[in-house]
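Accompanying notes for the structure given below.
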Amino acid sequence: MPLKIISSNCTSCSACEPECPNVAIFEKGGTFVINPKKCTECIGHFDAPQCAAVCPIEDTCVIDDSVPRYQAPA
Amino acid sequence: MQASTPHEPTEVTPVVNVEDVMQQVAEHKGCGTSGGSGKASCGSAAGQGDLPTEIWEKVKNHPCYSEEAHHHYARMHVAVAPACNIQCNYCNRKYDCANESRPGVVSEKLTPEQAAKKVLAVASTIPQMTVLGIAGPGDPLANPEKTFKTFELIAKTAPDIKLCLSTNGLALPDHVDTIARFNVDHVTITINMVDPEIGAKIYPWVFWNHKRYTGVEAAKILTDHQMRGLEMLTERGILCKVNSVMIPGVNDKHLVEVNRAVKSRGAFLHNIMPLISAPEHGTVFGLTGQRGPTAQELKALQDSCEGEMNMMRHCRQCRADAVGLLGEDRSAEFTTDKIMAMEVNYDLDTRKAYQAKVEEERLAKVTAKQEELSTLAGEMSDIKLLVAVATKGSGLINEHFGHAKEFQIYELSTSGAKFVGHRRVDLYCQGGYGEEDSLETIIRAINDCHAVFVAKIGGCPKADLLKAGIEPVDQFAHEFIEKSAIGWFKSYLDKVNGGEIEHIQRGDAEIRQGALISAA
Ligand code: SF4
Ligand code: SF4
């Protein structure tokens with residue numbers, strides 16, 4: 001499962017964008033969004049999802065249950 | 001990140017002894033009025049005193065440093081740095097940083113290119129604009145590309161504009177060399193504690209080295225970086241100011257210790273600001289009911305730190321994108337749409353000519369004050385009192401009572417007139433008609449003052465002020481502030497000595513929480 005950004009919470013502060021190791025985050029229509037195809041939940045890069053760690057608004061960068069969980073390459 | 005490694009020795013030695021500079025700046029500022037110690041040490045009429053020319057050049061036109069200069073020169077901010085790397089309990093990230101900006105206000109986000117154009121447009125229209133700051137709405141050093149790109153663009157076209165930035169200090173050690181390379185004139189660090197236990201009550205977390213740290217651990221990282229960053233700036237001869245937010249019951253007593261810590265590391269100015277906190281700001285402190293200090297508590301803390309180091313009292317917690325002089329805000333004239341449509345012709349010579357005229361004005365003001373001060377020479381009295389002044393700049397009493405958005409507060413004693421702060425008030429006069437409620441607000445804001453100096457005032461507010469025990473003074477309209485205040489004080493003393501009036505202490509005043517939000 002990749003992460004998603006709850007757009008009604010997002011302040012567009014852009015803090016998450018440069019932290020993503022997969023360049024999965026971009027600005028769209030005034031808020032930031034995550035490309036689910038690129039997001040790896042930061043697995044293999046960092047201990048915790050970077051977007052969620054830096055985001056100033058709690059519960060804004062959250063797991064997206066609607067998409068299958070990311071599988072780290074064996 | 002290299003921030004975790006101990007910093008390498010550097011070949012750069014400080015340009016000047018910061019202790020000396022601080023002392024001289026303090027004396028310059030005071031012109032014989034500092035802290036009631038009666039030091040009459042304002043060397044030259046122009047105010048340089050014994051200050052090394054290089055530092056004097058840096059501070060003399062600096063609205064952020066020189067209390068006297070902020071009557072004549074202006075700074076502006078551009079909001080190019082939206083991201084932040086720490087969380088503060090006095091901040092609501094839905095809005096701008098509550099420390100550097102007015103709470104509850106959102107700045108217009110600009111790209112570095114838009115920001116550079118805005119700066120040139122403003123500087124061409126307002127020749128007093130001499131300083132550009134990047135202070136948010138997030139942390140400039142959490143947005144290093146945007147911040148330094150903006151500096152680069154401005155330095156190319158407008159080399160006479162001084163650059164400054166404000167930071168929480170977390171990423172400072174990583175960027176000190178870049179700051180030095182861009183010739184940044186001064187850096188402001190917000191330091192609210194040097195004790196991580198206290199820090200944990202102010203900062204829920206910091207994001208550093210790809211990790212979110214919380215609690216005491218977070219505050220420890222932050223304070224380490226702040227202290228190291230400050231030392232590194234001092235080593236490179238970059239002026240460094242420290243801002244602290246006074247949070248009663250959390251860090252109020254501790255700020256004396258902070259003051260010592262930053263002084264010993266070379267900070268040359270310390271600015272203690274009141275916590276601005278109301279539930280509607282949605283900050284943690286706002287929601288928990290953490291109160292801000294009263295005017296008296298703030299002044300007492302500033303006074304207790306003054307013996308240690310030069311204090312700054314004219315910070316008006318302006319908006320991150322404010323434009324103008326002395327708390328005025330002309331940003332509506334410079335919206336992105338208007339700027340992008342503007343044809344900007346940056347004329348360095350016109351700006352220089354204008355600034356030369358301002359220098360003459362300043363000289364005249366200092367001379368007038370010195371002359372008036374000499375009339376107080378023989379006076380012996382322990383009386384110390386506060387007065388409020390309505391001004392729109394140039395060091396003159398030139399604002400109508402009903403138009404004042406803020407009042408400058410001066411402390412008067414036999415050693416002269418000392419600027420001790422300013423008070424924001426909501427506009428009392430909207431379209432010429434006074435409103436009773438606003439008048440009460442103003443009276444509460446300046447309730448600790450004996451008199452209010454204005455260029456003009458209507459009959460009704462005059463009567464109400466008198467009833468509240470504040471004397472409205474309009475006979476010095478369009479005259480120099482300090483000269484007039486000293487003159488008035490002298491006649492006040494005469495009346496007290498002659499038994500005509502009795503000197504009584506005034507009560508405390510209220511610090512407006514989020515004043516001007518409604519006008520934004
Ligand atoms: S979880 Fe990691 S990879 Fe996914 S969007 Fe956030 S920062 Fe990028
Ligand atoms: S860090 Fe959070 S608030 Fe800021 S842009 Fe990313 S999702 Fe939005």
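In the structure tokens, each chain is lettered A, B, ... as it comes, each chain's residues begin at 1, and ligands are numbered from 1 in order of appearance.
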
Site check for ligand 2: residues at most 8 Å away, only C-alpha atoms and all ligand atoms, as a PyMOL selection string: (chain A and resi 5-7+9-17+31-33+51-52+54-57+60-61) or (chain B and resi 83)

For those residues, write N, CA and C atoms to a file as a short mmCIF file (atom, residue, chain, number, x, y, z; two decimals), in the first residue's frame.
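Generated output (part17.cif):
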data_model
loop_
_atom_site.label_atom_id
_atom_site.label_comp_id
_atom_site.auth_asym_id
_atom_site.auth_seq_id
_atom_site.Cartn_x
_atom_site.Cartn_y
_atom_site.Cartn_z
N ILE A 5 -2.12 11.47 0.32
CA ILE A 5 -2.24 12.72 1.06
C ILE A 5 -3.71 13.12 1.13
N ILE A 6 -4.21 13.33 2.33
CA ILE A 6 -5.59 13.80 2.48
C ILE A 6 -5.62 15.27 2.06
N SER A 7 -6.14 15.53 0.87
CA SER A 7 -5.92 16.87 0.31
C SER A 7 -6.63 17.97 1.09
N ASN A 9 -6.59 18.29 4.16
CA ASN A 9 -5.70 18.68 5.27
C ASN A 9 -4.45 19.41 4.79
N CYS A 10 -4.05 19.13 3.55
CA CYS A 10 -2.75 19.60 3.07
C CYS A 10 -2.70 21.12 3.00
N THR A 11 -1.65 21.72 3.57
CA THR A 11 -1.48 23.17 3.56
C THR A 11 -0.63 23.62 2.38
N SER A 12 -0.20 22.68 1.56
CA SER A 12 0.67 22.98 0.42
C SER A 12 2.00 23.57 0.87
N CYS A 13 2.49 23.12 2.00
CA CYS A 13 3.73 23.71 2.49
C CYS A 13 4.93 23.19 1.74
N SER A 14 4.78 22.09 1.02
CA SER A 14 5.81 21.53 0.15
C SER A 14 6.93 20.81 0.92
N ALA A 15 6.80 20.69 2.23
CA ALA A 15 7.88 20.07 3.00
C ALA A 15 8.12 18.62 2.57
N CYS A 16 7.05 17.91 2.22
CA CYS A 16 7.20 16.49 1.88
C CYS A 16 7.90 16.27 0.55
N GLU A 17 7.66 17.17 -0.38
CA GLU A 17 8.11 16.95 -1.76
C GLU A 17 9.59 16.58 -1.88
N THR A 31 -2.74 21.52 -4.01
CA THR A 31 -2.21 20.73 -2.88
C THR A 31 -1.22 19.71 -3.44
N PHE A 32 -0.62 18.95 -2.53
CA PHE A 32 0.36 17.96 -2.96
C PHE A 32 -0.28 16.57 -3.01
N VAL A 33 0.17 15.77 -3.96
CA VAL A 33 -0.37 14.41 -4.11
C VAL A 33 0.77 13.42 -4.29
N CYS A 51 7.36 11.40 4.08
CA CYS A 51 6.32 12.43 3.94
C CYS A 51 5.54 12.57 5.24
N ALA A 52 5.20 11.43 5.84
CA ALA A 52 4.43 11.47 7.08
C ALA A 52 5.26 12.06 8.22
N VAL A 54 7.62 14.34 8.07
CA VAL A 54 7.89 15.79 7.98
C VAL A 54 6.60 16.60 7.94
N CYS A 55 5.50 15.99 7.59
CA CYS A 55 4.26 16.75 7.42
C CYS A 55 3.80 17.39 8.73
N PRO A 56 3.54 18.68 8.73
CA PRO A 56 3.16 19.36 9.97
C PRO A 56 1.73 19.06 10.42
N ILE A 57 0.93 18.51 9.54
CA ILE A 57 -0.47 18.25 9.91
C ILE A 57 -0.63 16.74 10.15
N THR A 60 -2.25 13.31 7.75
CA THR A 60 -2.44 13.86 6.41
C THR A 60 -1.77 12.97 5.36
N CYS A 61 -0.57 12.46 5.66
CA CYS A 61 0.08 11.48 4.80
C CYS A 61 -0.19 10.11 5.43
N ALA B 83 7.99 25.51 3.59
CA ALA B 83 8.19 24.28 4.36
C ALA B 83 8.87 24.56 5.69
#

Surroundings of ligand 1 up to 9 Å, based on only C-alpha atoms and all ligand atoms, as JSON, numbers by chain: {"A": [2, 3, 4, 5, 16, 17, 18, 19, 20, 21, 22, 23, 24, 25, 33, 34, 35, 36, 38, 39, 40, 41, 42, 43, 45, 46, 48, 49, 50, 51, 52, 53, 61, 62, 63]}

Surrounding residues of stretch 495-505 of chain B excluding itself and chain neighbours under 2 positions, 12 Å, only C-alpha atoms, as a ChimeraX atom specification: /B:379-386,447-450,469-470,488-493,507-508

Near-stretch 246-248 of chain B list (10 Å; only C-alpha atoms; drop same-chain fewer than 3 positions) as a ChimeraX atom specification: /B:90,192,202,243,251-255,272-277,285,290-294,297-298,301

B:Phe419 surroundings by only C-alpha atoms, 7 Å radius, close-in-sequence under 6 positions cut, as a VMD selection string: chain B and resid 409 to 411

Secondary structure check, alpha helix (DSSP H) residues of chain A, as a PyMOL selection string: chain A and resi 50-54

Applying 12 Å and only C-alpha atoms, which residues near B:Lys467 remain after dropping the ones on its own chain fewer than 3 positions away? List them as an mmCIF file with all heavy atoms, in the first residue's frame.
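Saved result, around_16.cif, follows:
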data_model
loop_
_atom_site.group_PDB
_atom_site.id
_atom_site.type_symbol
_atom_site.label_atom_id
_atom_site.label_comp_id
_atom_site.auth_asym_id
_atom_site.auth_seq_id
_atom_site.Cartn_x
_atom_site.Cartn_y
_atom_site.Cartn_z
ATOM 1 N N GLU B 440 -11.920 52.005 23.726
ATOM 2 C CA GLU B 440 -11.626 51.248 24.949
ATOM 3 C C GLU B 440 -10.434 50.332 24.748
ATOM 4 O O GLU B 440 -9.591 50.172 25.626
ATOM 5 C CB GLU B 440 -12.834 50.386 25.344
ATOM 6 C CG GLU B 440 -13.830 51.136 26.194
ATOM 7 C CD GLU B 440 -15.115 50.344 26.350
ATOM 8 O OE1 GLU B 440 -15.042 49.092 26.427
ATOM 9 O OE2 GLU B 440 -16.182 50.984 26.364
ATOM 10 N N ILE B 443 -7.327 52.360 24.960
ATOM 11 C CA ILE B 443 -7.030 52.744 26.344
ATOM 12 C C ILE B 443 -6.429 51.554 27.093
ATOM 13 O O ILE B 443 -5.463 51.707 27.838
ATOM 14 C CB ILE B 443 -8.288 53.306 27.048
ATOM 15 C CG1 ILE B 443 -8.619 54.670 26.419
ATOM 16 C CG2 ILE B 443 -8.061 53.443 28.553
ATOM 17 C CD1 ILE B 443 -9.868 55.330 26.951
ATOM 18 N N ASN B 447 -2.742 51.683 28.730
ATOM 19 C CA ASN B 447 -3.203 52.026 30.072
ATOM 20 C C ASN B 447 -2.064 52.335 31.039
ATOM 21 O O ASN B 447 -2.258 52.985 32.056
ATOM 22 C CB ASN B 447 -4.058 50.879 30.637
ATOM 23 C CG ASN B 447 -4.707 51.258 31.947
ATOM 24 O OD1 ASN B 447 -5.222 52.360 32.092
ATOM 25 N ND2 ASN B 447 -4.622 50.359 32.918
ATOM 26 N N HIS B 450 1.218 57.712 30.903
ATOM 27 C CA HIS B 450 0.698 58.937 31.502
ATOM 28 C C HIS B 450 0.140 59.880 30.448
ATOM 29 O O HIS B 450 -0.696 60.720 30.758
ATOM 30 C CB HIS B 450 1.810 59.658 32.279
ATOM 31 C CG HIS B 450 1.971 59.161 33.681
ATOM 32 N ND1 HIS B 450 2.609 57.986 33.965
ATOM 33 C CD2 HIS B 450 1.562 59.683 34.880
ATOM 34 C CE1 HIS B 450 2.597 57.798 35.287
ATOM 35 N NE2 HIS B 450 1.961 58.810 35.856
ATOM 36 N N CYS B 460 -14.133 64.002 21.582
ATOM 37 C CA CYS B 460 -14.639 62.881 22.381
ATOM 38 C C CYS B 460 -13.536 61.971 22.905
ATOM 39 O O CYS B 460 -13.463 61.723 24.107
ATOM 40 C CB CYS B 460 -15.644 62.065 21.586
ATOM 41 S SG CYS B 460 -17.214 62.919 21.463
ATOM 42 N N PRO B 461 -12.681 61.468 22.024
ATOM 43 C CA PRO B 461 -11.620 60.605 22.544
ATOM 44 C C PRO B 461 -10.751 61.343 23.555
ATOM 45 O O PRO B 461 -10.275 60.749 24.524
ATOM 46 C CB PRO B 461 -10.819 60.211 21.306
ATOM 47 C CG PRO B 461 -11.285 61.062 20.196
ATOM 48 C CD PRO B 461 -12.637 61.548 20.546
ATOM 49 N N LYS B 462 -10.579 62.643 23.353
ATOM 50 C CA LYS B 462 -9.777 63.450 24.270
ATOM 51 C C LYS B 462 -10.368 63.357 25.679
ATOM 52 O O LYS B 462 -9.657 63.087 26.651
ATOM 53 C CB LYS B 462 -9.794 64.900 23.789
ATOM 54 C CG LYS B 462 -8.558 65.686 24.109
ATOM 55 C CD LYS B 462 -8.636 67.057 23.439
ATOM 56 C CE LYS B 462 -7.272 67.702 23.421
ATOM 57 N NZ LYS B 462 -7.225 68.936 22.662
ATOM 58 N N ALA B 463 -11.692 63.559 25.766
ATOM 59 C CA ALA B 463 -12.368 63.542 27.062
ATOM 60 C C ALA B 463 -12.258 62.169 27.717
ATOM 61 O O ALA B 463 -11.984 62.057 28.915
ATOM 62 C CB ALA B 463 -13.842 63.918 26.887
ATOM 63 N N ASP B 464 -12.435 61.112 26.887
ATOM 64 C CA ASP B 464 -12.374 59.757 27.448
ATOM 65 C C ASP B 464 -10.975 59.408 27.929
ATOM 66 O O ASP B 464 -10.810 58.740 28.944
ATOM 67 C CB ASP B 464 -12.824 58.733 26.397
ATOM 68 C CG ASP B 464 -14.335 58.751 26.224
ATOM 69 O OD1 ASP B 464 -15.006 59.402 27.055
ATOM 70 O OD2 ASP B 464 -14.826 58.131 25.270
ATOM 71 N N ILE B 470 -5.149 59.403 31.123
ATOM 72 C CA ILE B 470 -4.076 59.539 30.132
ATOM 73 C C ILE B 470 -4.207 60.913 29.479
ATOM 74 O O ILE B 470 -5.252 61.239 28.913
ATOM 75 C CB ILE B 470 -4.179 58.433 29.054
ATOM 76 C CG1 ILE B 470 -4.164 57.040 29.704
ATOM 77 C CG2 ILE B 470 -3.058 58.565 28.034
ATOM 78 C CD1 ILE B 470 -4.542 55.907 28.765
ATOM 79 N N GLU B 471 -3.164 61.715 29.573
ATOM 80 C CA GLU B 471 -3.251 63.070 29.044
ATOM 81 C C GLU B 471 -3.032 63.080 27.534
ATOM 82 O O GLU B 471 -1.974 62.662 27.068
ATOM 83 C CB GLU B 471 -2.191 63.954 29.726
ATOM 84 C CG GLU B 471 -2.234 65.405 29.267
ATOM 85 C CD GLU B 471 -1.051 66.226 29.792
ATOM 86 O OE1 GLU B 471 -0.461 65.850 30.818
ATOM 87 O OE2 GLU B 471 -0.721 67.237 29.150
ATOM 88 N N PRO B 472 -3.999 63.541 26.744
ATOM 89 C CA PRO B 472 -3.749 63.657 25.308
ATOM 90 C C PRO B 472 -2.924 64.921 25.034
ATOM 91 O O PRO B 472 -3.286 65.998 25.506
ATOM 92 C CB PRO B 472 -5.151 63.771 24.705
ATOM 93 C CG PRO B 472 -6.074 64.079 25.825
ATOM 94 C CD PRO B 472 -5.353 63.974 27.122
#

Residue neighbourhood B:Glu113, 9 Å, only C-alpha atoms, exclusion window fewer than 6 positions, as a list of chain:residue names: B:Lys149, B:Thr150, B:Leu153

Compute the set of chain B residues within 8 Å of chain A, using only C-alpha atoms, and express it as a tab-separated table (two decimals) with C-alpha atoms, in the first residue's frame.
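Wrote it out as out.tsv, contents follow:
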chain	number	residue	atom	x	y	z
B	82	PRO	CA	6.70	27.50	2.94
B	83	ALA	CA	8.19	24.28	4.36
B	84	CYS	CA	9.25	23.86	7.97
B	85	ASN	CA	11.35	21.25	9.72
B	87	GLN	CA	6.81	21.97	15.06
B	93	ARG	CA	0.97	25.46	10.24
B	94	LYS	CA	-2.26	26.22	8.48
B	138	GLY	CA	8.11	28.11	7.14
B	142	ALA	CA	14.19	24.08	5.24
B	207	PHE	CA	12.55	16.48	11.55
B	210	HIS	CA	15.37	11.72	7.76
B	211	LYS	CA	13.79	11.10	11.11
B	212	ARG	CA	11.15	12.66	13.31

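With atom CA of B:Leu222 on one side and atom CA of B:Ser304 on the other, the separation reads 25.7 Å.
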
Which of stretch 250-484 of chain B DSSP labels strand (DSSP E), written as an MDAnalysis selection string: chainID B and resid 269:274 311:312 323:324 385:389 406:413 416:424 429:430 433:434 449:453 471:473

Two-atom distance - atom CA of B:Phe268, atom CA of B:Cys240 (Å): 6.1 Å

Proximity to B:Asn398 - best of B:Leu170, B:Val176, B:Val454, B:Ala123, only C-alpha atoms: B:Val454

Atom pair atom CA of B:Asn89 / atom CA of B:Lys201: separation (Å): 8.0 Å

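When only C-alpha atoms are used to measure the gap to A:Ser8, the shortest distance among A:Val67, A:Asp59, A:Phe26, A:Lys37 belongs to A:Asp59.
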